[in-house]
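run-v3.pdb, holding PDB, C-alpha atoms and all ligand atoms:
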```pdb
ATOM      1  CA  MET A   1       0.000   0.000   0.000  1.00  0.00           C
ATOM      2  CA  THR A   2       2.850   2.385   0.763  1.00  0.00           C
ATOM      3  CA  ARG A   3       6.284   2.461  -0.959  1.00  0.00           C
ATOM      4  CA  LEU A   4       9.415   4.389  -0.093  1.00  0.00           C
ATOM      5  CA  GLU A   5      10.092   5.123  -3.779  1.00  0.00           C
ATOM      6  CA  GLN A   6       6.690   6.778  -4.009  1.00  0.00           C
ATOM      7  CA  GLY A   7       7.667   9.110  -1.188  1.00  0.00           C
ATOM      8  CA  ASP A   8       5.807   7.191   1.513  1.00  0.00           C
ATOM      9  CA  ALA A   9       7.290   6.852   5.009  1.00  0.00           C
ATOM     10  CA  SER A  10       7.730   3.061   4.772  1.00  0.00           C
ATOM     11  CA  ASN A  11       7.120  -0.037   2.663  1.00  0.00           C
ATOM     12  CA  SER A  12       3.984  -1.653   4.008  1.00  0.00           C
ATOM     13  CA  SER A  13       0.955  -3.632   2.915  1.00  0.00           C
ATOM     14  CA  ARG A  14      -2.572  -4.076   4.152  1.00  0.00           C
ATOM     15  CA  LEU A  15      -4.705  -7.211   4.114  1.00  0.00           C
ATOM     16  CA  GLU A  16      -8.489  -7.030   4.252  1.00  0.00           C
ATOM     17  CA  CYS A  17     -10.704 -10.091   4.057  1.00  0.00           C
ATOM     18  CA  ASP A  18     -14.032 -11.513   5.061  1.00  0.00           C
ATOM     19  CA  LEU A  19     -13.666 -13.601   8.215  1.00  0.00           C
ATOM     20  CA  HIS A  20     -16.166 -16.172   6.987  1.00  0.00           C
ATOM     21  CA  ALA A  21     -14.233 -17.242   3.946  1.00  0.00           C
ATOM     22  CA  GLY A  22     -11.985 -20.043   2.802  1.00  0.00           C
ATOM     23  CA  THR A  23     -11.246 -22.770   5.329  1.00  0.00           C
ATOM     24  CA  HIS A  24     -12.598 -21.442   8.600  1.00  0.00           C
ATOM     25  CA  VAL A  25     -14.043 -22.342  11.975  1.00  0.00           C
ATOM     26  CA  ASP A  26     -17.468 -21.156  13.082  1.00  0.00           C
ATOM     27  CA  ALA A  27     -17.886 -19.994  16.680  1.00  0.00           C
ATOM     28  CA  PRO A  28     -21.213 -20.595  18.486  1.00  0.00           C
ATOM     29  CA  TRP A  29     -21.815 -16.830  18.125  1.00  0.00           C
ATOM     30  CA  HIS A  30     -22.142 -17.474  14.389  1.00  0.00           C
ATOM     31  CA  TYR A  31     -25.120 -19.782  14.969  1.00  0.00           C
ATOM     32  CA  ASN A  32     -27.064 -17.557  17.334  1.00  0.00           C
ATOM     33  CA  SER A  33     -26.514 -14.766  19.838  1.00  0.00           C
ATOM     34  CA  THR A  34     -27.558 -17.210  22.592  1.00  0.00           C
ATOM     35  CA  VAL A  35     -26.996 -20.946  22.855  1.00  0.00           C
ATOM     36  CA  GLN A  36     -28.722 -23.011  25.544  1.00  0.00           C
ATOM     37  CA  GLY A  37     -30.028 -19.812  27.092  1.00  0.00           C
ATOM     38  CA  LYS A  38     -26.619 -18.180  27.543  1.00  0.00           C
ATOM     39  CA  LYS A  39     -24.697 -15.697  25.444  1.00  0.00           C
ATOM     40  CA  ALA A  40     -23.019 -17.698  22.698  1.00  0.00           C
ATOM     41  CA  ALA A  41     -19.218 -17.700  22.768  1.00  0.00           C
ATOM     42  CA  THR A  42     -17.283 -15.695  20.218  1.00  0.00           C
ATOM     43  CA  ILE A  43     -14.143 -17.216  18.748  1.00  0.00           C
ATOM     44  CA  ASP A  44     -11.812 -15.505  21.254  1.00  0.00           C
ATOM     45  CA  GLU A  45     -13.820 -16.897  24.168  1.00  0.00           C
ATOM     46  CA  LEU A  46     -13.440 -20.563  23.259  1.00  0.00           C
ATOM     47  CA  PRO A  47     -10.855 -22.689  25.101  1.00  0.00           C
ATOM     48  CA  LEU A  48      -7.739 -23.378  23.039  1.00  0.00           C
ATOM     49  CA  GLU A  49      -7.904 -26.996  24.238  1.00  0.00           C
ATOM     50  CA  TRP A  50     -10.882 -27.485  21.952  1.00  0.00           C
ATOM     51  CA  PHE A  51      -8.669 -27.013  18.912  1.00  0.00           C
ATOM     52  CA  PHE A  52      -5.939 -29.541  19.576  1.00  0.00           C
ATOM     53  CA  GLY A  53      -6.814 -33.180  19.903  1.00  0.00           C
ATOM     54  CA  ASP A  54      -7.045 -36.670  18.501  1.00  0.00           C
ATOM     55  CA  GLY A  55      -8.614 -36.717  15.069  1.00  0.00           C
ATOM     56  CA  VAL A  56     -11.186 -39.122  13.699  1.00  0.00           C
ATOM     57  CA  LYS A  57     -12.171 -39.230  10.053  1.00  0.00           C
ATOM     58  CA  LEU A  58     -15.640 -40.357   9.014  1.00  0.00           C
ATOM     59  CA  ASP A  59     -15.749 -41.369   5.358  1.00  0.00           C
ATOM     60  CA  MET A  60     -18.966 -40.046   3.826  1.00  0.00           C
ATOM     61  CA  THR A  61     -17.720 -39.852   0.249  1.00  0.00           C
ATOM     62  CA  ARG A  62     -20.562 -42.144  -0.849  1.00  0.00           C
ATOM     63  CA  LYS A  63     -23.136 -39.487   0.078  1.00  0.00           C
ATOM     64  CA  ALA A  64     -24.738 -37.574  -2.790  1.00  0.00           C
ATOM     65  CA  GLU A  65     -25.510 -33.854  -2.880  1.00  0.00           C
ATOM     66  CA  GLY A  66     -27.897 -32.982  -0.043  1.00  0.00           C
ATOM     67  CA  ASP A  67     -27.888 -36.461   1.490  1.00  0.00           C
ATOM     68  CA  PRO A  68     -28.156 -36.320   5.277  1.00  0.00           C
ATOM     69  CA  VAL A  69     -25.347 -37.674   7.432  1.00  0.00           C
ATOM     70  CA  THR A  70     -27.397 -39.294  10.182  1.00  0.00           C
ATOM     71  CA  VAL A  71     -26.632 -40.754  13.594  1.00  0.00           C
ATOM     72  CA  GLU A  72     -26.871 -44.194  11.971  1.00  0.00           C
ATOM     73  CA  ASP A  73     -24.291 -43.189   9.351  1.00  0.00           C
ATOM     74  CA  VAL A  74     -21.918 -41.975  12.061  1.00  0.00           C
ATOM     75  CA  THR A  75     -22.291 -45.059  14.270  1.00  0.00           C
ATOM     76  CA  ALA A  76     -21.965 -47.420  11.278  1.00  0.00           C
ATOM     77  CA  GLU A  77     -18.774 -45.671  10.139  1.00  0.00           C
ATOM     78  CA  LEU A  78     -17.317 -45.735  13.660  1.00  0.00           C
ATOM     79  CA  ALA A  79     -18.074 -49.471  13.812  1.00  0.00           C
ATOM     80  CA  ARG A  80     -16.428 -49.953  10.413  1.00  0.00           C
ATOM     81  CA  ILE A  81     -13.237 -48.179  11.461  1.00  0.00           C
ATOM     82  CA  LYS A  82     -13.427 -49.740  14.943  1.00  0.00           C
ATOM     83  CA  TYR A  83     -13.227 -46.450  16.808  1.00  0.00           C
ATOM     84  CA  THR A  84     -15.021 -45.253  19.938  1.00  0.00           C
ATOM     85  CA  ILE A  85     -15.437 -41.500  20.259  1.00  0.00           C
ATOM     86  CA  LYS A  86     -14.002 -39.973  23.426  1.00  0.00           C
ATOM     87  CA  PRO A  87     -14.422 -36.431  24.782  1.00  0.00           C
ATOM     88  CA  MET A  88     -12.462 -33.721  22.923  1.00  0.00           C
ATOM     89  CA  ASP A  89     -11.854 -35.821  19.824  1.00  0.00           C
ATOM     90  CA  ILE A  90     -11.934 -33.696  16.671  1.00  0.00           C
ATOM     91  CA  VAL A  91     -14.264 -35.329  14.166  1.00  0.00           C
ATOM     92  CA  LEU A  92     -13.688 -34.701  10.462  1.00  0.00           C
ATOM     93  CA  VAL A  93     -16.320 -35.635   7.904  1.00  0.00           C
ATOM     94  CA  CYS A  94     -14.722 -36.552   4.590  1.00  0.00           C
ATOM     95  CA  THR A  95     -17.015 -35.957   1.603  1.00  0.00           C
ATOM     96  CA  GLY A  96     -14.431 -35.538  -1.168  1.00  0.00           C
ATOM     97  CA  ARG A  97     -16.030 -32.241  -2.209  1.00  0.00           C
ATOM     98  CA  ASP A  98     -12.709 -30.448  -1.724  1.00  0.00           C
ATOM     99  CA  ALA A  99     -12.098 -31.615  -5.305  1.00  0.00           C
ATOM    100  CA  PHE A 100     -14.449 -28.772  -6.330  1.00  0.00           C
ATOM    101  CA  TYR A 101     -12.849 -26.109  -4.128  1.00  0.00           C
ATOM    102  CA  GLY A 102     -12.649 -22.924  -6.195  1.00  0.00           C
ATOM    103  CA  ALA A 103     -15.039 -24.183  -8.866  1.00  0.00           C
ATOM    104  CA  PRO A 104     -18.126 -22.050  -9.601  1.00  0.00           C
ATOM    105  CA  ASP A 105     -20.467 -24.821  -8.412  1.00  0.00           C
ATOM    106  CA  TYR A 106     -18.555 -25.626  -5.190  1.00  0.00           C
ATOM    107  CA  ILE A 107     -21.340 -23.990  -3.163  1.00  0.00           C
ATOM    108  CA  PHE A 108     -23.823 -26.553  -4.504  1.00  0.00           C
ATOM    109  CA  LYS A 109     -21.710 -29.583  -3.591  1.00  0.00           C
ATOM    110  CA  GLY A 110     -21.897 -31.688  -0.489  1.00  0.00           C
ATOM    111  CA  CYS A 111     -24.060 -33.661   1.871  1.00  0.00           C
ATOM    112  CA  GLY A 112     -25.324 -32.266   5.173  1.00  0.00           C
ATOM    113  CA  VAL A 113     -24.605 -33.377   8.705  1.00  0.00           C
ATOM    114  CA  THR A 114     -27.937 -33.520  10.541  1.00  0.00           C
ATOM    115  CA  ALA A 115     -28.654 -31.708  13.793  1.00  0.00           C
ATOM    116  CA  GLU A 116     -29.192 -35.119  15.400  1.00  0.00           C
ATOM    117  CA  ALA A 117     -25.778 -36.426  14.321  1.00  0.00           C
ATOM    118  CA  THR A 118     -24.186 -33.173  15.491  1.00  0.00           C
ATOM    119  CA  LYS A 119     -25.874 -33.580  18.883  1.00  0.00           C
ATOM    120  CA  TRP A 120     -24.846 -37.229  19.046  1.00  0.00           C
ATOM    121  CA  LEU A 121     -21.204 -36.197  18.678  1.00  0.00           C
ATOM    122  CA  TYR A 122     -21.649 -33.304  21.107  1.00  0.00           C
ATOM    123  CA  ASP A 123     -23.181 -35.624  23.716  1.00  0.00           C
ATOM    124  CA  ARG A 124     -20.023 -37.736  23.531  1.00  0.00           C
ATOM    125  CA  GLY A 125     -17.836 -34.760  24.366  1.00  0.00           C
ATOM    126  CA  VAL A 126     -16.870 -33.647  20.853  1.00  0.00           C
ATOM    127  CA  ARG A 127     -16.619 -29.854  20.687  1.00  0.00           C
ATOM    128  CA  VAL A 128     -14.917 -29.340  17.324  1.00  0.00           C
ATOM    129  CA  MET A 129     -16.032 -30.992  14.098  1.00  0.00           C
ATOM    130  CA  GLY A 130     -15.169 -30.305  10.489  1.00  0.00           C
ATOM    131  CA  ILE A 131     -16.109 -31.056   6.901  1.00  0.00           C
ATOM    132  CA  ASP A 132     -14.385 -30.795   3.521  1.00  0.00           C
ATOM    133  CA  GLY A 133     -17.419 -29.250   1.835  1.00  0.00           C
ATOM    134  CA  TRP A 134     -18.839 -25.755   1.557  1.00  0.00           C
ATOM    135  CA  GLY A 135     -20.861 -26.125   4.740  1.00  0.00           C
ATOM    136  CA  TRP A 136     -21.664 -28.380   7.696  1.00  0.00           C
ATOM    137  CA  ASP A 137     -25.343 -28.331   6.692  1.00  0.00           C
ATOM    138  CA  MET A 138     -26.450 -29.366   3.217  1.00  0.00           C
ATOM    139  CA  PRO A 139     -25.884 -26.843   0.362  1.00  0.00           C
ATOM    140  CA  LEU A 140     -28.028 -23.747   0.705  1.00  0.00           C
ATOM    141  CA  ASN A 141     -29.879 -24.208  -2.591  1.00  0.00           C
ATOM    142  CA  LEU A 142     -31.033 -27.638  -1.389  1.00  0.00           C
ATOM    143  CA  GLN A 143     -32.040 -26.213   1.987  1.00  0.00           C
ATOM    144  CA  ALA A 144     -34.136 -23.642   0.103  1.00  0.00           C
ATOM    145  CA  GLN A 145     -35.694 -26.350  -2.065  1.00  0.00           C
ATOM    146  CA  LYS A 146     -36.549 -28.439   1.001  1.00  0.00           C
ATOM    147  CA  ALA A 147     -37.958 -25.387   2.805  1.00  0.00           C
ATOM    148  CA  MET A 148     -40.247 -24.624  -0.136  1.00  0.00           C
ATOM    149  CA  GLU A 149     -41.386 -28.253  -0.357  1.00  0.00           C
ATOM    150  CA  LYS A 150     -42.078 -28.629   3.361  1.00  0.00           C
ATOM    151  CA  ASN A 151     -43.111 -25.040   4.071  1.00  0.00           C
ATOM    152  CA  GLU A 152     -42.214 -25.348   7.734  1.00  0.00           C
ATOM    153  CA  PRO A 153     -39.653 -23.676  10.004  1.00  0.00           C
ATOM    154  CA  GLY A 154     -36.398 -25.296  11.085  1.00  0.00           C
ATOM    155  CA  ILE A 155     -35.135 -26.339   7.653  1.00  0.00           C
ATOM    156  CA  PHE A 156     -32.430 -23.700   7.176  1.00  0.00           C
ATOM    157  CA  TRP A 157     -29.123 -24.359   8.927  1.00  0.00           C
ATOM    158  CA  ALA A 158     -30.592 -27.101  11.132  1.00  0.00           C
ATOM    159  CA  ALA A 159     -27.218 -28.302  12.433  1.00  0.00           C
ATOM    160  CA  HIS A 160     -25.888 -24.770  12.872  1.00  0.00           C
ATOM    161  CA  GLN A 161     -29.090 -24.051  14.807  1.00  0.00           C
ATOM    162  CA  ALA A 162     -28.905 -27.175  16.976  1.00  0.00           C
ATOM    163  CA  ASP A 163     -28.526 -24.954  20.078  1.00  0.00           C
ATOM    164  CA  LEU A 164     -25.219 -26.550  21.011  1.00  0.00           C
ATOM    165  CA  PRO A 165     -22.058 -24.722  22.132  1.00  0.00           C
ATOM    166  CA  TYR A 166     -19.745 -26.379  19.614  1.00  0.00           C
ATOM    167  CA  SER A 167     -17.608 -25.305  16.659  1.00  0.00           C
ATOM    168  CA  HIS A 168     -17.389 -26.713  13.190  1.00  0.00           C
ATOM    169  CA  MET A 169     -14.800 -26.140  10.501  1.00  0.00           C
ATOM    170  CA  GLU A 170     -15.914 -25.783   6.906  1.00  0.00           C
ATOM    171  CA  ARG A 171     -14.108 -26.027   3.560  1.00  0.00           C
ATOM    172  CA  LEU A 172     -11.289 -28.250   4.759  1.00  0.00           C
ATOM    173  CA  VAL A 173      -9.188 -29.964   2.105  1.00  0.00           C
ATOM    174  CA  ASN A 174      -7.218 -33.190   1.679  1.00  0.00           C
ATOM    175  CA  LEU A 175      -9.113 -35.166   4.335  1.00  0.00           C
ATOM    176  CA  GLY A 176      -8.968 -38.069   1.887  1.00  0.00           C
ATOM    177  CA  GLN A 177      -5.265 -38.396   2.647  1.00  0.00           C
ATOM    178  CA  LEU A 178      -5.862 -39.003   6.347  1.00  0.00           C
ATOM    179  CA  PRO A 179      -6.259 -42.413   7.980  1.00  0.00           C
ATOM    180  CA  PRO A 180      -9.530 -43.043   9.869  1.00  0.00           C
ATOM    181  CA  ALA A 181      -7.833 -42.332  13.229  1.00  0.00           C
ATOM    182  CA  GLY A 182      -4.432 -42.162  14.904  1.00  0.00           C
ATOM    183  CA  PHE A 183      -3.611 -38.556  13.975  1.00  0.00           C
ATOM    184  CA  THR A 184      -3.631 -35.261  15.831  1.00  0.00           C
ATOM    185  CA  VAL A 185      -5.528 -32.184  14.692  1.00  0.00           C
ATOM    186  CA  ALA A 186      -4.272 -28.682  15.488  1.00  0.00           C
ATOM    187  CA  CYS A 187      -6.737 -26.113  14.177  1.00  0.00           C
ATOM    188  CA  PHE A 188      -6.304 -23.010  16.313  1.00  0.00           C
ATOM    189  CA  PRO A 189      -8.444 -20.134  15.069  1.00  0.00           C
ATOM    190  CA  LEU A 190      -7.185 -16.568  14.865  1.00  0.00           C
ATOM    191  CA  LYS A 191      -7.969 -14.823  18.131  1.00  0.00           C
ATOM    192  CA  ILE A 192     -10.153 -12.021  16.852  1.00  0.00           C
ATOM    193  CA  LYS A 193     -12.063 -10.358  19.645  1.00  0.00           C
ATOM    194  CA  GLY A 194     -15.819 -10.708  19.379  1.00  0.00           C
ATOM    195  CA  SER A 195     -15.677 -12.599  16.110  1.00  0.00           C
ATOM    196  CA  TRP A 196     -18.543 -14.804  15.090  1.00  0.00           C
ATOM    197  CA  VAL A 197     -16.910 -15.670  11.779  1.00  0.00           C
ATOM    198  CA  VAL A 198     -19.892 -14.736   9.658  1.00  0.00           C
ATOM    199  CA  ILE A 199     -20.922 -13.147   6.382  1.00  0.00           C
ATOM    200  CA  ILE A 200     -24.045 -11.206   7.451  1.00  0.00           C
ATOM    201  CA  SER A 201     -23.652  -7.729   8.918  1.00  0.00           C
ATOM    202  CA  PRO A 202     -24.286  -6.903  12.605  1.00  0.00           C
ATOM    203  CA  ARG A 203     -27.200  -4.784  11.450  1.00  0.00           C
ATOM    204  CA  GLY A 204     -28.871  -7.959  10.257  1.00  0.00           C
ATOM    205  CA  ARG A 205     -28.139  -9.712  13.546  1.00  0.00           C
ATOM    206  CA  ARG A 206     -30.043  -7.102  15.519  1.00  0.00           C
ATOM    207  CA  ARG A 207     -32.890  -7.055  13.038  1.00  0.00           C
ATOM    208  CA  PRO A 208     -33.427 -10.660  12.018  1.00  0.00           C
ATOM    209  CA  GLY A 209     -36.398  -9.926   9.727  1.00  0.00           C
ATOM    210  CA  ARG A 210     -34.375  -7.438   7.711  1.00  0.00           C
ATOM    211  CA  CYS A 211     -31.421  -9.789   7.750  1.00  0.00           C
ATOM    212  CA  ARG A 212     -33.459 -12.591   6.257  1.00  0.00           C
ATOM    213  CA  ARG A 213     -34.902 -10.329   3.567  1.00  0.00           C
ATOM    214  CA  LEU A 214     -31.481  -9.048   2.560  1.00  0.00           C
ATOM    215  CA  TYR A 215     -30.085 -12.556   2.527  1.00  0.00           C
ATOM    216  CA  ASN A 216     -32.992 -13.892   0.441  1.00  0.00           C
ATOM    217  CA  ARG A 217     -32.511 -11.069  -2.041  1.00  0.00           C
ATOM    218  CA  ARG A 218     -28.827 -11.907  -2.382  1.00  0.00           C
ATOM    219  CA  LEU A 219     -29.680 -15.556  -2.993  1.00  0.00           C
ATOM    220  CA  TRP A 220     -32.308 -14.573  -5.538  1.00  0.00           C
ATOM    221  CA  ARG A 221     -29.786 -12.433  -7.427  1.00  0.00           C
ATOM    222  CA  ARG A 222     -27.507 -15.447  -7.613  1.00  0.00           C
ATOM    223  CA  GLY A 223     -30.362 -17.637  -8.842  1.00  0.00           C
ATOM    224  CA  ILE A 224     -30.307 -19.850  -5.738  1.00  0.00           C
ATOM    225  CA  VAL A 225     -33.895 -19.183  -4.626  1.00  0.00           C
ATOM    226  CA  PRO A 226     -36.933 -17.824  -6.486  1.00  0.00           C
ATOM    227  CA  ALA A 227     -37.712 -14.081  -6.425  1.00  0.00           C
ATOM    228  CA  PRO A 228     -38.797 -12.938  -2.938  1.00  0.00           C
TER
HETATM  229 ZN    ZN A 301     -19.022 -21.192   8.331  1.00  0.00          ZN
END
```
Can you present the structure in this file as structure tokens?
Amino acid sequence: MTRLEQGDASNSSRLECDLHAGTHVDAPWHYNSTVQGKKAATIDELPLEWFFGDGVKLDMTRKAEGDPVTVEDVTAELARIKYTIKPMDIVLVCTGRDAFYGAPDYIFKGCGVTAEATKWLYDRGVRVMGIDGWGWDMPLNLQAQKAMEKNEPGIFWAAHQADLPYSHMERLVNLGQLPPAGFTVACFPLKIKGSWVVIISPRGRRRPGRCRRLYNRRLWRRGIVPAP
């Protein structure tokens, strides 16, 4: 941004980026302002211990776009790899969709971990989970399709909205190269005070109706949902 040869006082650069971009970890504050009746933790409030632990990989590469990853899928895979989840394990869901990372249709790729499977892992002491797809829930266009078909609340971001104080990582890559278990995961997030790691503005957070309208309009412009 500044160069000595241009007459500036120093050579320096500036980096600006969206916090909810690329491979990232979502703090509970991203899901809701409260979780289980208490203020949801921002990324800087989470214990570092959460982000360093034994890794477990669940192979879900057989799942098609929008398929749910259920409790039965998780328990069957754990039985197949002969692994018992213990508290503070870091569970990585391998979908193979990292092959599309950077492609225009990456956002439409991937299965979705259900709220029930997320809770099942949480109940066993898992606090950090991750997936090598665009999102922990199914792709947004398929959430929208399901919401229009069912016309009931609770479809959008069901696992994000599971009311659990946990974190998930999204858009991981190269999980296919990992063994099912026997490895350590270190995934410390940047300590950014008050960060929820999110794309929607604070204005939307305080005014959820407006937030939803703005978000729907953005999706409509991209052709993901019909005109609002
Ligand atoms: Zn996210």
Selected by the PyMOL selection byres (((not hetatm)) within 9 of (chain A and resi 301)) in the shown coordinates: which residues, as a PyMOL selection string?
chain A and resi 20-21+23-27+30+134-136+160+168-171+197-199
Nearest residue to Glu116 (chain A) from the set A:Ala162, A:Val93, A:Ile155, A:Ile81 (distances using only C-alpha atoms)
A:Ala162
Identify, on the basis of all atoms listed in the file, every residue whose closest approach to Pro139 (chain A) does not exceed 8 Å; exclude the query and any residue fewer than 5 positions from it along the same chain; express the result as a compact mmCIF listing (two decimals) with C-alpha atoms, keeping the file's coordinate frame.
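Result saved to part05.txt:
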```txt
# COMPACT_ATOMS: atom_id res chain seq x y z
CA GLU A 65 -25.51 -33.85 -2.88
CA GLY A 66 -27.90 -32.98 -0.04
CA ILE A 107 -21.34 -23.99 -3.16
CA PHE A 108 -23.82 -26.55 -4.50
CA LYS A 109 -21.71 -29.58 -3.59
CA GLY A 110 -21.90 -31.69 -0.49
CA CYS A 111 -24.06 -33.66 1.87
CA GLY A 112 -25.32 -32.27 5.17
CA TRP A 134 -18.84 -25.76 1.56
```
Residues picked by the PyMOL selection byres (((chain A and resi 85-92) around 7) and not hetatm) here, as a ChimeraX atom specification?
/A:50,53-58,83-84,93-94,124-131,185
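Counting all atoms listed in the file and comparing A:Leu121, A:Asn141, A:Pro28, A:Leu78, the residue that lies closest to Glu45 (chain A) is A:Pro28.
Candidate residues A:Thr184, A:Ser12, A:Asn174, A:Ser33 were compared for distance to Phe100 (chain A), and the nearest is A:Asn174, using only C-alpha atoms.
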Enumerate, as a VMD selection string, the protein, DNA and RNA residues whose atoms approach (-24.8, -28.2, 17.8) to within 7 Å, taking into account only C-alpha atoms and the coordinate frame of the file.
chain A and resid 115 118 to 119 122 159 to 166
Length of the CA of Trp29 (chain A) to CA of Ala158 (chain A) vector [Å]
15.2 Å
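Residues lying within 8 Å of Gly96 (chain A), counting all atoms listed in the file and ignoring same-chain neighbours fewer than 5 positions away, are Thr61, Asp132, Gly133, Leu175 and Gly176 of chain A.
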Emit the selected residues as a PDB file, in the coordinates of the input, including C-alpha atoms.
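Writing done, so here's selection_33.pdb:
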```pdb
ATOM      1  CA  THR A  61     -17.720 -39.852   0.249  1.00  0.00           C
ATOM      2  CA  ASP A 132     -14.385 -30.795   3.521  1.00  0.00           C
ATOM      3  CA  GLY A 133     -17.419 -29.250   1.835  1.00  0.00           C
ATOM      4  CA  LEU A 175      -9.113 -35.166   4.335  1.00  0.00           C
ATOM      5  CA  GLY A 176      -8.968 -38.069   1.887  1.00  0.00           C
TER       6      GLY A 176
END
```
Please, what is the axis-aligned box for every listed atom of region 137-156 of chain A with 5 Å on each side, as centre and edge lengths in Å to one decimal, as AutoDock Vina command-line options?
```
--center_x -34.2 --center_y -26.5 --center_z 4.2 --size_x 27.8 --size_y 15.7 --size_z 23.7
```
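For the pair CA of Arg62 (chain A) and CA of Tyr31 (chain A), the interatomic distance is 27.8 Å.
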